[in-house]
Structure formats: structure tokens, C-alpha cells
>>> print(open('data.cif').read())   # mmCIF, C-alpha atoms
data_upload
#
loop_
_atom_site.label_atom_id
_atom_site.label_comp_id
_atom_site.auth_asym_id
_atom_site.auth_seq_id
_atom_site.Cartn_x
_atom_site.Cartn_y
_atom_site.Cartn_z
CA MET A 1 22.60 135.59 86.97
CA LYS A 2 21.61 133.09 89.66
CA ARG A 3 24.15 130.79 91.27
CA ALA A 4 24.03 128.26 94.11
CA ILE A 5 27.31 127.69 95.94
CA ILE A 6 27.58 124.58 98.11
CA ILE A 7 30.61 124.21 100.37
CA VAL A 8 30.82 120.84 102.11
CA LEU A 9 32.98 120.79 105.23
CA ASP A 10 33.59 117.07 104.95
CA SER A 11 32.62 115.24 108.18
CA VAL A 12 31.75 118.35 110.23
CA GLY A 13 28.74 116.89 112.03
CA ILE A 14 26.70 118.67 114.71
CA GLY A 15 25.23 115.97 116.95
CA GLU A 16 24.08 112.37 116.93
CA LEU A 17 21.00 111.42 114.91
CA PRO A 18 18.14 109.59 116.68
CA ASP A 19 19.30 106.28 115.16
CA ALA A 20 22.99 106.80 116.07
CA ALA A 21 22.90 103.75 118.36
CA ASP A 22 22.30 101.53 115.33
CA TYR A 23 25.66 102.70 114.00
CA GLY A 24 27.58 102.64 117.28
CA ASP A 25 27.76 106.44 117.38
CA VAL A 26 26.00 107.47 120.58
CA GLY A 27 27.69 110.53 122.01
CA SER A 28 29.17 111.73 118.72
CA ASN A 29 29.00 115.47 118.15
CA THR A 30 31.92 116.51 115.99
CA LEU A 31 31.70 120.29 116.32
CA VAL A 32 30.67 120.56 119.96
CA ASN A 33 33.07 117.89 121.21
CA ILE A 34 36.00 119.54 119.42
CA LYS A 35 35.03 122.87 121.01
CA LYS A 36 34.95 121.21 124.44
CA ALA A 37 38.37 119.67 123.90
CA LYS A 38 39.76 122.82 122.31
CA PRO A 39 38.12 125.84 123.99
CA ASP A 40 40.24 128.26 121.97
CA MET A 41 38.47 127.22 118.75
CA ASP A 42 36.70 130.48 117.89
CA LEU A 43 34.47 130.15 114.82
CA LYS A 44 33.23 133.71 115.08
CA ASN A 45 32.44 134.19 111.38
CA MET A 46 30.37 131.02 111.04
CA CYS A 47 28.70 131.86 114.34
CA ALA A 48 27.87 135.32 112.96
CA LEU A 49 25.86 133.49 110.28
CA GLY A 50 24.06 131.44 112.94
CA LEU A 51 26.16 128.33 113.64
CA GLY A 52 25.71 128.61 117.41
CA ASN A 53 21.99 129.37 117.03
CA ILE A 54 21.17 125.99 115.48
CA GLU A 55 18.76 123.94 117.57
CA GLY A 56 20.22 121.11 119.61
CA LYS A 57 22.00 120.03 122.77
CA GLU A 58 24.95 122.29 123.67
CA ILE A 59 25.22 123.78 120.17
CA SER A 60 24.97 127.29 121.65
CA PHE A 61 28.34 126.49 123.28
CA LEU A 62 29.87 127.17 119.84
CA GLY A 63 28.85 130.82 120.09
CA LYS A 64 25.22 131.94 119.95
CA VAL A 65 24.67 135.48 118.66
CA GLU A 66 21.84 138.00 119.06
CA HIS A 67 21.11 138.57 115.38
CA PRO A 68 22.57 136.04 112.93
CA GLN A 69 23.41 137.44 109.51
CA GLY A 70 22.28 134.27 107.72
CA CYS A 71 19.73 131.50 107.86
CA PHE A 72 20.57 128.39 109.84
CA ALA A 73 19.41 124.81 110.41
CA LYS A 74 20.60 121.29 110.90
CA MET A 75 19.74 118.48 108.50
CA ALA A 76 19.06 114.82 109.19
CA GLU A 77 20.31 112.16 106.83
CA LYS A 78 17.38 110.14 105.52
CA SER A 79 19.57 107.74 103.56
CA ILE A 80 20.81 104.54 105.17
CA GLY A 81 24.48 105.07 105.86
CA LYS A 82 27.01 107.62 107.05
CA ASP A 83 29.48 107.89 104.23
CA THR A 84 30.60 110.47 101.71
CA THR A 85 28.63 109.08 98.80
CA THR A 86 25.25 108.82 100.49
CA GLY A 87 25.67 112.25 102.08
CA HIS A 88 26.58 114.09 98.90
CA TRP A 89 24.07 112.22 96.76
CA GLU A 90 21.31 113.06 99.23
CA MET A 91 22.02 116.78 99.25
CA ALA A 92 21.94 116.60 95.44
CA GLY A 93 18.52 114.87 95.53
CA ILE A 94 19.09 111.10 95.82
CA ILE A 95 17.95 109.32 98.98
CA THR A 96 19.68 105.93 99.34
CA GLU A 97 17.23 103.48 100.88
CA LYS A 98 19.38 100.34 100.54
CA PRO A 99 22.77 100.65 102.20
CA PHE A 100 25.94 100.03 100.25
CA PRO A 101 27.61 96.76 101.33
CA THR A 102 30.41 96.78 103.88
CA PHE A 103 33.01 94.09 104.55
CA THR A 104 34.38 94.91 107.99
CA GLU A 105 34.07 91.48 109.62
CA ASN A 106 35.94 89.12 107.31
CA GLY A 107 37.23 91.31 104.54
CA PHE A 108 36.23 90.85 100.92
CA PRO A 109 35.02 87.42 99.75
CA HIS A 110 37.56 84.93 98.42
CA ALA A 111 35.71 84.68 95.11
CA LEU A 112 36.04 88.43 94.56
CA MET A 113 39.69 88.60 95.56
CA GLU A 114 40.51 85.66 93.32
CA LYS A 115 38.93 87.44 90.35
CA PHE A 116 40.65 90.69 91.24
CA GLU A 117 44.11 89.14 91.58
CA THR A 118 43.67 87.30 88.29
CA ALA A 119 42.60 90.51 86.57
CA ILE A 120 45.59 92.55 87.82
CA GLY A 121 48.09 89.71 87.50
CA THR A 122 49.40 89.77 91.04
CA LYS A 123 48.61 88.70 94.58
CA THR A 124 47.49 91.24 97.21
CA LEU A 125 48.21 91.94 100.87
CA GLY A 126 45.83 92.76 103.70
CA ASN A 127 42.14 92.37 102.90
CA TYR A 128 40.83 93.44 106.28
CA ALA A 129 39.36 96.53 107.94
CA ALA A 130 42.02 98.96 109.11
CA SER A 131 43.11 102.55 109.40
CA GLY A 132 44.92 103.58 106.23
CA THR A 133 47.87 105.06 108.08
CA GLU A 134 48.19 101.98 110.30
CA ILE A 135 48.00 99.37 107.54
CA ILE A 136 50.88 100.91 105.61
CA LYS A 137 52.93 100.82 108.81
CA VAL A 138 52.18 97.12 109.16
CA LEU A 139 52.33 95.99 105.55
CA GLY A 140 54.30 98.73 103.80
CA ALA A 141 57.67 96.99 103.97
CA GLU A 142 56.25 93.68 102.73
CA HIS A 143 54.53 95.55 99.91
CA MET A 144 57.87 97.06 98.86
CA LYS A 145 59.53 93.64 98.86
CA THR A 146 56.78 91.81 96.97
CA GLY A 147 55.18 94.54 94.85
CA TYR A 148 51.75 93.30 95.95
CA PRO A 149 49.17 96.09 96.43
CA ILE A 150 47.58 96.46 99.87
CA VAL A 151 43.80 96.01 99.97
CA TYR A 152 41.77 97.13 102.97
CA THR A 153 38.37 98.47 103.98
CA SER A 154 36.68 100.29 106.88
CA ALA A 155 33.24 100.73 108.41
CA ASP A 156 32.38 102.61 105.22
CA SER A 157 31.49 100.95 101.94
CA VAL A 158 34.97 101.19 100.44
CA PHE A 159 37.57 99.03 98.70
CA GLN A 160 40.87 100.80 99.30
CA ILE A 161 44.14 100.02 97.55
CA ALA A 162 47.42 101.35 98.93
CA ALA A 163 50.70 101.27 97.03
CA HIS A 164 54.08 102.98 97.28
CA GLU A 165 54.54 105.35 94.37
CA ASN A 166 58.01 103.92 93.68
CA VAL A 167 56.65 100.37 93.56
CA ILE A 168 53.39 100.88 91.69
CA SER A 169 53.20 104.16 89.79
CA VAL A 170 50.21 106.40 90.40
CA PRO A 171 48.79 105.87 86.87
CA LYS A 172 49.17 102.10 87.31
CA LEU A 173 47.46 102.24 90.70
CA TYR A 174 44.57 104.10 89.09
CA GLU A 175 44.34 101.34 86.46
CA ILE A 176 44.22 98.71 89.21
CA CYS A 177 41.46 100.67 90.97
CA GLN A 178 39.47 100.92 87.75
CA THR A 179 39.74 97.15 87.38
CA ALA A 180 38.42 96.75 90.92
CA ARG A 181 35.60 99.19 90.21
CA GLU A 182 34.45 97.09 87.24
CA LEU A 183 34.36 93.96 89.42
CA LEU A 184 32.67 95.58 92.40
CA THR A 185 29.04 95.51 91.32
CA GLY A 186 25.87 93.81 92.56
CA GLU A 187 26.35 92.24 95.99
CA TRP A 188 29.95 93.46 95.91
CA GLY A 189 28.96 96.97 94.82
CA VAL A 190 30.79 99.16 97.33
CA ALA A 191 30.20 102.89 97.08
CA ARG A 192 33.83 103.76 96.38
CA VAL A 193 37.12 102.24 95.31
CA ILE A 194 39.90 104.49 96.60
CA ALA A 195 43.50 104.72 95.41
CA ARG A 196 45.77 105.43 98.40
CA PRO A 197 49.33 106.06 97.18
CA PHE A 198 52.11 106.61 99.71
CA VAL A 199 55.84 107.34 99.81
CA GLY A 200 58.72 107.09 102.27
CA THR A 201 60.68 104.33 103.96
CA GLU A 202 59.80 101.75 106.59
CA GLY A 203 58.77 103.52 109.76
CA ASN A 204 58.23 106.75 107.87
CA PHE A 205 55.55 106.00 105.29
CA THR A 206 53.21 108.89 104.48
CA ARG A 207 50.22 109.06 102.15
CA THR A 208 50.41 111.51 99.27
CA LYS A 209 47.89 113.90 97.74
CA ASN A 210 47.36 111.58 94.76
CA ARG A 211 44.34 109.89 96.30
CA LYS A 212 41.59 109.21 93.79
CA ASP A 213 38.05 107.88 94.31
CA PHE A 214 36.20 105.65 91.86
CA SER A 215 32.50 105.83 92.73
CA LEU A 216 29.41 104.07 91.55
CA PRO A 217 27.40 106.29 89.21
CA PRO A 218 24.50 108.10 90.94
CA THR A 219 21.37 105.97 91.02
CA GLY A 220 19.04 108.82 90.10
CA THR A 221 18.90 112.33 88.68
CA THR A 222 20.72 115.02 90.65
CA ILE A 223 20.65 118.82 90.63
CA LEU A 224 23.99 118.61 88.81
CA ASP A 225 22.44 116.61 85.97
CA LEU A 226 19.49 118.99 85.73
CA ALA A 227 21.63 122.13 85.75
CA LYS A 228 23.90 120.78 83.03
CA GLN A 229 20.91 119.68 80.94
CA LYS A 230 19.54 123.20 81.18
CA GLY A 231 22.78 124.59 79.81
CA GLN A 232 24.00 126.02 83.11
CA THR A 233 27.57 125.84 84.38
CA VAL A 234 28.37 123.25 87.04
CA VAL A 235 31.76 123.73 88.70
CA ALA A 236 32.99 120.79 90.80
CA ILE A 237 35.88 121.53 93.17
CA GLY A 238 37.77 118.88 95.13
CA LYS A 239 36.54 115.29 95.09
CA ILE A 240 33.02 116.20 93.92
CA GLU A 241 33.86 114.86 90.45
CA ASP A 242 34.75 111.46 91.92
CA ILE A 243 31.70 111.26 94.19
CA PHE A 244 29.33 111.78 91.26
CA GLU A 245 31.46 109.72 88.86
CA HIS A 246 32.13 112.82 86.72
CA ARG A 247 28.42 113.17 85.89
CA GLY A 248 26.56 116.46 85.58
CA MET A 249 29.63 118.72 85.53
CA THR A 250 30.98 121.23 83.05
CA ILE A 251 34.15 122.29 84.92
CA THR A 252 36.19 120.18 87.36
CA ASP A 253 39.12 121.20 89.53
CA HIS A 254 40.59 118.41 91.65
CA THR A 255 42.28 120.35 94.43
CA THR A 256 45.08 119.16 96.73
CA ASN A 257 43.89 120.30 100.17
CA ASN A 258 41.47 122.58 102.01
CA ALA A 259 43.49 125.74 101.40
CA ASP A 260 43.63 125.00 97.68
CA GLY A 261 39.89 124.24 97.64
CA ILE A 262 39.04 127.52 99.35
CA GLU A 263 41.25 129.55 97.00
CA LYS A 264 39.79 127.84 93.93
CA THR A 265 36.27 128.48 95.21
CA ILE A 266 37.05 132.19 95.56
CA GLU A 267 38.63 132.20 92.09
CA TYR A 268 35.53 130.69 90.45
CA LEU A 269 33.19 132.95 92.44
CA LYS A 270 34.81 135.93 90.76
CA GLN A 271 33.94 134.57 87.32
CA ASP A 272 30.61 135.14 85.56
CA PHE A 273 28.36 132.12 85.07
CA GLU A 274 24.92 130.85 86.00
CA GLY A 275 24.46 127.54 87.78
CA ILE A 276 26.13 125.60 90.59
CA LEU A 277 29.52 125.71 92.29
CA PHE A 278 30.01 122.60 94.44
CA THR A 279 33.09 122.36 96.70
CA ASN A 280 34.25 119.58 99.00
CA LEU A 281 36.88 120.37 101.63
CA VAL A 282 38.11 116.91 102.56
CA ASP A 283 40.94 117.52 105.05
CA TYR A 284 38.63 117.58 108.09
CA ASP A 285 37.70 113.97 107.37
CA MET A 286 40.75 112.49 105.67
CA ILE A 287 43.57 114.06 107.65
CA TYR A 288 42.06 114.86 111.04
CA GLY A 289 38.80 113.00 111.71
CA HIS A 290 39.99 109.50 110.82
CA ARG A 291 43.17 110.05 112.80
CA ASN A 292 41.39 111.43 115.88
CA ASP A 293 43.49 114.59 115.61
CA VAL A 294 41.41 117.04 117.63
CA GLU A 295 43.96 119.84 117.53
CA GLY A 296 44.44 119.59 113.77
CA TYR A 297 40.71 119.36 113.13
CA GLY A 298 40.04 122.44 115.24
CA ASN A 299 42.79 124.44 113.57
CA ALA A 300 41.45 123.50 110.13
CA LEU A 301 38.01 124.78 111.14
CA ILE A 302 39.56 128.02 112.40
CA TYR A 303 41.34 128.44 109.06
CA PHE A 304 38.09 128.11 107.11
CA ASP A 305 36.39 130.51 109.48
CA GLN A 306 39.15 133.06 108.95
CA LYS A 307 38.77 132.75 105.17
CA LEU A 308 34.97 133.01 105.30
CA PRO A 309 34.82 136.85 105.06
CA GLU A 310 36.79 136.66 101.81
CA LEU A 311 34.38 134.05 100.49
CA LEU A 312 31.40 136.22 101.42
CA ASP A 313 32.97 139.28 99.82
CA SER A 314 33.34 137.34 96.57
CA LEU A 315 29.61 136.60 96.29
CA LYS A 316 27.68 138.32 93.52
CA GLN A 317 24.23 139.88 93.89
CA GLU A 318 22.18 136.75 93.12
CA ASP A 319 24.46 134.17 94.71
CA ILE A 320 23.23 131.94 97.52
CA LEU A 321 25.90 130.28 99.64
CA PHE A 322 25.14 127.02 101.46
CA ILE A 323 27.69 125.75 104.00
CA THR A 324 27.05 122.22 105.20
CA ALA A 325 28.57 118.74 105.73
CA ASP A 326 27.98 115.17 104.60
CA HIS A 327 28.26 113.19 107.89
CA GLY A 328 30.26 113.32 111.10
CA CYS A 329 33.70 112.02 112.09
CA ASP A 330 34.12 112.93 115.74
CA PRO A 331 37.85 112.90 116.55
CA THR A 332 37.18 112.88 120.30
CA THR A 333 35.63 109.40 120.35
CA PRO A 334 37.57 106.10 120.32
CA SER A 335 36.24 105.30 116.84
CA THR A 336 38.22 106.44 113.79
CA ASP A 337 35.24 105.95 111.48
CA HIS A 338 32.48 108.29 110.32
CA SER A 339 29.68 109.07 112.76
CA ARG A 340 25.93 109.16 112.15
CA GLU A 341 25.18 112.83 112.85
CA TYR A 342 23.07 115.78 111.86
CA VAL A 343 24.93 118.26 109.69
CA PRO A 344 24.87 122.06 110.03
CA LEU A 345 23.40 124.28 107.33
CA LEU A 346 24.26 127.96 107.00
CA VAL A 347 22.70 130.02 104.20
CA TYR A 348 23.86 133.47 103.15
CA GLY A 349 23.42 135.87 100.25
CA LYS A 350 22.79 139.52 99.42
CA ASN A 351 19.14 138.70 98.60
CA ILE A 352 18.75 136.30 101.53
CA LYS A 353 17.00 137.12 104.79
CA GLN A 354 18.87 137.28 108.07
CA ASN A 355 18.16 135.48 111.33
CA VAL A 356 15.87 132.80 109.91
CA ASN A 357 15.79 129.54 111.87
CA LEU A 358 15.05 126.81 109.32
CA GLY A 359 14.76 124.28 112.14
CA ILE A 360 15.58 120.62 111.72
CA ARG A 361 15.30 119.43 108.13
CA ASN A 362 14.12 115.87 107.59
CA THR A 363 16.57 115.21 104.78
CA PHE A 364 19.69 116.63 103.17
CA ALA A 365 17.63 116.60 99.95
CA ASP A 366 15.81 119.74 101.15
CA LEU A 367 18.98 121.52 100.06
CA GLY A 368 18.79 120.06 96.55
CA GLN A 369 15.10 120.88 96.21
CA THR A 370 15.73 124.47 97.30
CA ILE A 371 18.52 124.88 94.75
CA SER A 372 16.32 123.35 92.06
CA ASP A 373 13.57 125.84 92.80
CA TYR A 374 16.02 128.75 92.77
CA LEU A 375 17.63 127.80 89.47
CA GLY A 376 14.41 126.65 87.81
CA LEU A 377 15.56 123.04 87.42
CA LYS A 378 12.09 121.52 88.00
CA ALA A 379 13.29 118.71 90.27
CA ASN A 380 10.74 116.71 92.20
CA PHE A 381 12.76 115.16 95.00
CA ALA A 382 11.27 113.54 98.11
CA ALA A 383 12.07 116.74 99.97
CA THR A 384 10.80 120.17 100.98
CA SER A 385 12.20 123.40 99.57
CA PHE A 386 12.90 126.25 101.98
CA LEU A 387 13.44 128.86 99.26
CA ARG A 388 10.38 130.94 100.21
CA GLU A 389 11.57 131.09 103.82
CA ILE A 390 14.98 132.50 102.97
CA LYS A 391 14.47 134.82 99.98
CA LYS A 392 13.76 138.50 100.46
CA ASP A 393 10.55 139.67 98.80
#
>>> encode(input="data.cif", output="C-alpha cells")
Amino acid sequence: MKRAIIIVLDSVGIGELPDAADYGDVGSNTLVNIKKAKPDMDLKNMCALGLGNIEGKEISFLGKVEHPQGCFAKMAEKSIGKDTTTGHWEMAGIITEKPFPTFTENGFPHALMEKFETAIGTKTLGNYAASGTEIIKVLGAEHMKTGYPIVYTSADSVFQIAAHENVISVPKLYEICQTARELLTGEWGVARVIARPFVGTEGNFTRTKNRKDFSLPPTGTTILDLAKQKGQTVVAIGKIEDIFEHRGMTITDHTTNNADGIEKTIEYLKQDFEGILFTNLVDYDMIYGHRNDVEGYGNALIYFDQKLPELLDSLKQEDILFITADHGCDPTTPSTDHSREYVPLLVYGKNIKQNVNLGIRNTFADLGQTISDYLGLKANFAATSFLREIKKD
């Protein structure tokens, strides 16, 4: 009973891509820079699989080992962009050649905002690029007085709507986001509309776990679609369901944080099914990366590393585990946005070879093509499978 398990450590990049300068990300190296700033970050279990053996400047600083127990590589993003959607879509087989629009300079166009405010029956606040935690500090009190939702964006292709849960209920905020999603098409077609509910009082506003993403539907066929069409089980844990607009899944479990996501992954691993288990662990990005919280980011990585042996022990005979990321978000740099980086790839399984250097992959889609070949999905992505290199004879 073959299964492919993908665990995405959201934003855990491993060094700037050759075109990082085009994105303002020269010097970004999420993993290595955190290790430099936090020398006590010991990722011994990931390093045992080969994390510190990946090719690249200073990566051995993470902890190179003599004989890695897994296969290892780093993957370059071929898509144009550095956001969650393009990263996840690419590893599932879709290479995005035209970037999603961004609105960092002047906010969203007047014509769009006019249509949006008419559709939801109220004015809005904000409409500029900002940190989510900062904008609720600035506009939270005014929002509570007026009831107007706060609209903002970032360097990513996102239309974010923040609202206090006592002012606009979570279900109502989701309705407002769905309205925005229906308007945001064509030249306004951002990758994601994101509901950002918060609670608290002025000076003490905090975002809640009721975030929800409303994505564009994937622009092509993914490994999730193909697995479902073949009658296989596709388990989506965390925000995977939102990223793929609920397409190609048979079971979804929208977790609350990394710890919950890890526990749910272990729980589903113990069940019997054939197909794909796809997990996103978002806290690295959402809670630590965007807030430049080096200490928190490092501790969250240590926590995953400590739980890794339990994950490995839960694997069945024909399981293949892929640990990777979707982009970078280096908390040691002045920027609070995503960074254009390579992502690590660790591969492990009972029928998988040890100490195989898979080099530098030209696209995240190599992962999708490999999974397709393993599960017999007959995908034909613009990518190269590495299945023969990793499987024992």
C-alpha cells in the first residue's frame, strides 16, 4: 500500500536563489542565519537524514554527518514568485510562469475598492501594505468604533482583511472574504484573500487561530487531482485545503498550529490508506518569520526535530516521507516578507536508500513528478523524477 507523505515546513528556506536580487533578498538564508543567531539550535534528527549535507554555502554549519540515513537535496523554485501558493502548486506539478499581481506601492485600485465596499455594504480602513500585527495596532481602535473592516496587503499577492471577532463575527468575515475573492480576478487576481480575525483591547490586540485563506483554483492538474481521480486517498492537513481551493482532496483537517499539525500527521500515518498525505506547518512563517522572531523560529524548528523520530516510527513499509518548504522568510533580515530561496528536501522510507545526494533540483515540480511515478499517477510535468535514484532495488 504505497503512500507519499509531504511535510512542508512553511518558509524554511536554505539559501538565496540566483535571482534573489530581483526580489530584494540577497543574503537571505533562513536556516543557516537562524543557526548563526541561535547556536543552540540543534536539529540533530533532520541532520541525521542529511540536512547538513545539502550542497551550498555554509549549509554544513547546520550539522553535516558521515552517513545520512536519508536522501537529501535542495530545490530551486522555477515559478515566478516567492509565496505560499506558487511554492505549493509547483511541488504539486504546476509551474507559474506569470506572477500573481501585487499592490504594495499604492494599495488596491480605487475602482476595485469601490466595488468591494458596495458589495459588502460598508466602508473599509487601511488599503496599504503593512505587517498584520502592526496594522491592527494602528487601526484596531478605529475599526472597533466604526465597524469598518481593515484591508491591507504585503509584498505577496494577497488581499488581507482584519476584523475584531466582537465587531465582525468570524462567519461574517469569511463571507466578506468570499465576496472579495469573487471580485479579485483578472488583473486584480491575487493569489489569496486572507481572513485575519483578532481579539483584545486597544494596545493589546492579538490575532486568533481563525485565519482562513481563499485561494484561486489551481491553474493546472496537480498530483492531488490525479490521486483522487485514481481513487486514492488524499489527506490535507493544515492550510493545504485553502491553498488548493479544496480541490483534489478526500480528507481535510484544518489544524490550529504546528503541534496540532504534527500530531494529526502522526494520527493519519497510523491509518491504512493508499495515496498522499500533505501537511503544512505554518507557524514558522505566520508567527515567527513575518515577525522576525529568531528565537521563536528556532525553537519551533527544534520542536519539529524532536518530534521527527515519532513521525519516522509511524511510517509503514511502503511509505516515502518528503520534508521540504515552499519559500523562505528569513527572520534575521530587516524585511518581514518572504524571501526568494532554495528549499531543503529530505527523503526517508523503509524502502528508500540512504546517503543519496540528489543535488540541486531545477524545480519543486521534481517532487510532484517523483510522487506521480511512485503512485502510478501518469503525470507529465515539466520536471524530472528522482524515484529511480532513491528506491532500493
>>> resolve_selection(input="data.cif", expression="the PyMOL selection byres ((chain A and resi 298) around 10)", output="list in words")
Leu31, Ile34, Lys35, Ala37, Lys38, Pro39, Asp40, Met41, Asp42, Leu43, Tyr284, Tyr288, Asp293, Val294, Glu295, Gly296, Tyr297, Asn299, Ala300, Leu301, Ile302, Tyr303 and Pro331 of chain A
>>> atom_distance(input="data.cif", atom1="CA of Phe381 (chain A)", atom2="CA of Phe273 (chain A)")
25.1 Å
>>> resolve_selection(input="data.cif", expression="the PyMOL selection byres ((chain A and resi 176-185) around 10)", output="compact mmCIF listing (two decimals) with C-alpha atoms, in the frame of the given file")
# COMPACT_ATOMS: atom_id res chain seq x y z
CA LEU A 112 36.04 88.43 94.56
CA MET A 113 39.69 88.60 95.56
CA LYS A 115 38.93 87.44 90.35
CA PHE A 116 40.65 90.69 91.24
CA GLU A 117 44.11 89.14 91.58
CA ALA A 119 42.60 90.51 86.57
CA ILE A 120 45.59 92.55 87.82
CA GLY A 121 48.09 89.71 87.50
CA PRO A 149 49.17 96.09 96.43
CA PHE A 159 37.57 99.03 98.70
CA GLN A 160 40.87 100.80 99.30
CA ILE A 161 44.14 100.02 97.55
CA ALA A 162 47.42 101.35 98.93
CA ILE A 168 53.39 100.88 91.69
CA VAL A 170 50.21 106.40 90.40
CA PRO A 171 48.79 105.87 86.87
CA LYS A 172 49.17 102.10 87.31
CA LEU A 173 47.46 102.24 90.70
CA TYR A 174 44.57 104.10 89.09
CA GLU A 175 44.34 101.34 86.46
CA GLY A 186 25.87 93.81 92.56
CA GLU A 187 26.35 92.24 95.99
CA TRP A 188 29.95 93.46 95.91
CA GLY A 189 28.96 96.97 94.82
CA VAL A 190 30.79 99.16 97.33
CA ALA A 191 30.20 102.89 97.08
CA ARG A 192 33.83 103.76 96.38
CA VAL A 193 37.12 102.24 95.31
CA ILE A 194 39.90 104.49 96.60
CA ALA A 195 43.50 104.72 95.41
CA ARG A 196 45.77 105.43 98.40
CA LYS A 212 41.59 109.21 93.79
CA ASP A 213 38.05 107.88 94.31
CA PHE A 214 36.20 105.65 91.86
CA SER A 215 32.50 105.83 92.73
CA LEU A 216 29.41 104.07 91.55
>>> atom_distance(input="data.cif", atom1="CA of Val158 (chain A)", atom2="CA of Pro217 (chain A)")
14.5 Å
>>> residues_around(input="data.cif", residues="Tyr152 (chain A)", least_positions_apart="5", cutoff="8 Å", atoms="only C-alpha atoms", output="MDAnalysis selection string")
chainID A and resid 107 126:130 132 159:161
>>> write_last_selection(input="data.cif", atoms="C-alpha atoms", output="mmCIF file, keeping the file's coordinate frame")
data_model
loop_
_atom_site.group_PDB
_atom_site.id
_atom_site.type_symbol
_atom_site.label_atom_id
_atom_site.label_comp_id
_atom_site.auth_asym_id
_atom_site.auth_seq_id
_atom_site.Cartn_x
_atom_site.Cartn_y
_atom_site.Cartn_z
ATOM 1 C CA GLY A 107 37.230 91.310 104.540
ATOM 2 C CA GLY A 126 45.830 92.760 103.700
ATOM 3 C CA ASN A 127 42.140 92.370 102.900
ATOM 4 C CA TYR A 128 40.830 93.440 106.280
ATOM 5 C CA ALA A 129 39.360 96.530 107.940
ATOM 6 C CA ALA A 130 42.020 98.960 109.110
ATOM 7 C CA GLY A 132 44.920 103.580 106.230
ATOM 8 C CA PHE A 159 37.570 99.030 98.700
ATOM 9 C CA GLN A 160 40.870 100.800 99.300
ATOM 10 C CA ILE A 161 44.140 100.020 97.550
#
>>> atom_distance(input="data.cif", atom1="CA of Ile94 (chain A)", atom2="CA of His254 (chain A)")
23.1 Å
>>> residues_near_point(input="data.cif", point="(13.9, 125.6, 112.7)", cutoff="12 Å", atoms="all atoms listed in the file", output="list of chain:residue names")
A:Gly50, A:Asn53, A:Ile54, A:Glu55, A:Gly56, A:Cys71, A:Phe72, A:Ala73, A:Lys74, A:Met75, A:Pro344, A:Leu345, A:Asn355, A:Val356, A:Asn357, A:Leu358, A:Gly359, A:Ile360, A:Arg361, A:Asn362, A:Phe386, A:Glu389, A:Ile390
>>> residues_near_point(input="data.cif", point="(31.5, 139.2, 96.1)", cutoff="10 Å", atoms="only C-alpha atoms", output="short mmCIF file (atom, residue, chain, number, x, y, z; two decimals) with C-alpha atoms, in the frame of the given file")
data_model
loop_
_atom_site.label_atom_id
_atom_site.label_comp_id
_atom_site.auth_asym_id
_atom_site.auth_seq_id
_atom_site.Cartn_x
_atom_site.Cartn_y
_atom_site.Cartn_z
CA ILE A 266 37.05 132.19 95.56
CA LEU A 269 33.19 132.95 92.44
CA LYS A 270 34.81 135.93 90.76
CA PRO A 309 34.82 136.85 105.06
CA GLU A 310 36.79 136.66 101.81
CA LEU A 311 34.38 134.05 100.49
CA LEU A 312 31.40 136.22 101.42
CA ASP A 313 32.97 139.28 99.82
CA SER A 314 33.34 137.34 96.57
CA LEU A 315 29.61 136.60 96.29
CA LYS A 316 27.68 138.32 93.52
CA GLN A 317 24.23 139.88 93.89
CA ASP A 319 24.46 134.17 94.71
CA GLY A 349 23.42 135.87 100.25
CA LYS A 350 22.79 139.52 99.42
#
>>> residues_around(input="data.cif", residues="Asp285 (chain A)", least_positions_apart="3", cutoff="12 Å", atoms="all atoms listed in the file", output="number ranges by chain")
A: 8-13, 30, 83-84, 257-258, 280-282, 288-294, 296-298, 300-301, 325-331, 336-339
>>> closest_residue(input="data.cif", among="A:Ala48, A:Val65, A:Ile276, A:Ile287", to="Ile223 (chain A)", atoms="only C-alpha atoms")
A:Ile276
>>> closest_residue(input="data.cif", among="A:His67, A:Thr133, A:Thr384, A:Lys78", to="Met286 (chain A)", atoms="only C-alpha atoms")
A:Thr133
>>> closest_residue(input="data.cif", among="A:Asn166, A:Thr265, A:Thr219, A:Ser157", to="Gly140 (chain A)", atoms="all atoms listed in the file")
A:Asn166
>>> axis_aligned_box(input="data.cif", around="region 147-151 of chain A", padding_each_side="8 Å", output="AutoDock Vina command-line options")
--center_x 49.5 --center_y 94.9 --center_z 97.4 --size_x 27.4 --size_y 19.2 --size_z 21.1
>>> closest_residue(input="data.cif", among="A:Gly231, A:Gly52, A:Gly368, A:Gly63", to="Ala383 (chain A)", atoms="only C-alpha atoms")
A:Gly368
>>> closest_residue(input="data.cif", among="A:Phe244, A:Phe103, A:Phe198, A:Phe304", to="Ile150 (chain A)", atoms="only C-alpha atoms")
A:Phe198
>>> build_atoms(input="data.cif", residues="region 253-262 of chain A", atoms="N, CA, C and O atoms", output="compact mmCIF listing (two decimals), keeping the file's coordinate frame")
# COMPACT_ATOMS: atom_id res chain seq x y z
N ASP A 253 37.83 120.75 89.03
CA ASP A 253 39.12 121.20 89.53
C ASP A 253 39.45 120.36 90.77
O ASP A 253 38.91 120.58 91.84
N HIS A 254 40.30 119.36 90.57
CA HIS A 254 40.59 118.41 91.65
C HIS A 254 41.71 118.98 92.52
O HIS A 254 42.89 118.83 92.22
N THR A 255 41.34 119.62 93.59
CA THR A 255 42.28 120.35 94.43
C THR A 255 43.11 119.41 95.31
O THR A 255 42.81 118.23 95.45
N THR A 256 44.15 119.97 95.95
CA THR A 256 45.08 119.16 96.73
C THR A 256 44.80 119.16 98.22
O THR A 256 45.16 118.21 98.92
N ASN A 257 44.18 120.23 98.73
CA ASN A 257 43.89 120.30 100.17
C ASN A 257 42.84 121.39 100.42
O ASN A 257 42.36 122.03 99.47
N ASN A 258 42.50 121.60 101.68
CA ASN A 258 41.47 122.58 102.01
C ASN A 258 41.84 123.98 101.53
O ASN A 258 41.01 124.70 100.98
N ALA A 259 43.08 124.39 101.79
CA ALA A 259 43.49 125.74 101.40
C ALA A 259 43.34 125.94 99.90
O ALA A 259 42.83 126.98 99.45
N ASP A 260 43.76 124.94 99.14
CA ASP A 260 43.63 125.00 97.68
C ASP A 260 42.16 125.06 97.29
O ASP A 260 41.76 125.83 96.41
N GLY A 261 41.33 124.25 97.94
CA GLY A 261 39.89 124.24 97.64
C GLY A 261 39.23 125.57 97.92
O GLY A 261 38.37 126.03 97.15
N ILE A 262 39.61 126.22 99.01
CA ILE A 262 39.04 127.52 99.35
C ILE A 262 39.46 128.57 98.33
O ILE A 262 38.65 129.37 97.86
